Amino acid sequence: MTVLTGTGAKRRSGYAWRPPAALTLASTSPQRRAILEQLGIPFVVIAPSYVEHDPPDADPVSLVRDHAEGKARSVHVEGAVTLGVDTTVHLAGRLYGKPADREGARAMLYELEGRTHLVLSGLCLLGDG
């Protein structure tokens, strides 16, 4: 295998080989960073400028998908590979987003404790090709 340094590409078996580009993670979540680090995926973090709006009657599957795409598109540049992710919890017709603080997290966990609920995540991977 040809190992490259710098920005040039060498030919191997008639194809140009390039080292994998770093993934752009459109998230400031420490958990998402930890997952990519554990997987050994090189990445850079850019905080998304996307503003989430959660209408009370929103379909939770569509919501996480739309939020993941919005986050990814808010930081994506041509030629990059960008990952946007969103997660929400759904229980009895109510959507639970990310708690604002520890007190909110405790209250949310108390409401969910012992009750069957859905944890939904949407992923959006943008790139050329």
# chains A, B, ... in the order shown; residues from 1 in each chain; ligands from 1

$ closest_atom_pairs --of "stretch 21-81 of chain A" --to "stretch 99-123 of chain A" --cutoff "6 Å" --atoms "only C-alpha atoms" --output "CSV"
residue,atom,partner,partner_atom,distance
A:Val64,CA,A:Gly122,CA,4.7
A:Arg65,CA,A:Gly122,CA,4.5
A:Ala68,CA,A:Leu123,CA,5.5

$ select_by_dssp --residues "stretch 41-105 of chain A" --states "strand (DSSP E)" --output "ChimeraX atom specification"
/A:43-45,81-91,94-96

$ atom_distance --atom1 "atom CA of A:Gly97" --atom2 "atom CA of A:Asp59"
13.6 Å

$ atom_distance --atom1 "atom CA of A:Ile35" --atom2 "atom CA of A:Ala58"
28.2 Å

$ atom_distance --atom1 "atom CA of A:Ala80" --atom2 "atom CA of A:Ser62"
24.9 Å

$ residues_around --residues "stretch 43-48 of chain A" --least-positions-apart "2" --cutoff "9 Å" --atoms "only C-alpha atoms" --output "list in words"
Ala21, Ala22, Leu23, Thr24, Leu25, Ala26, Ser27, Thr28, Arg33, Leu36, Glu37, Ile41, Tyr50, Val51, Gly70, Lys71, Ala72, Arg73, Ser74, Val75 and Gly84 of chain A

$ select_by_dssp --residues "chain A" --states "helix (DSSP H, G or I)" --output "count of residues only"
37
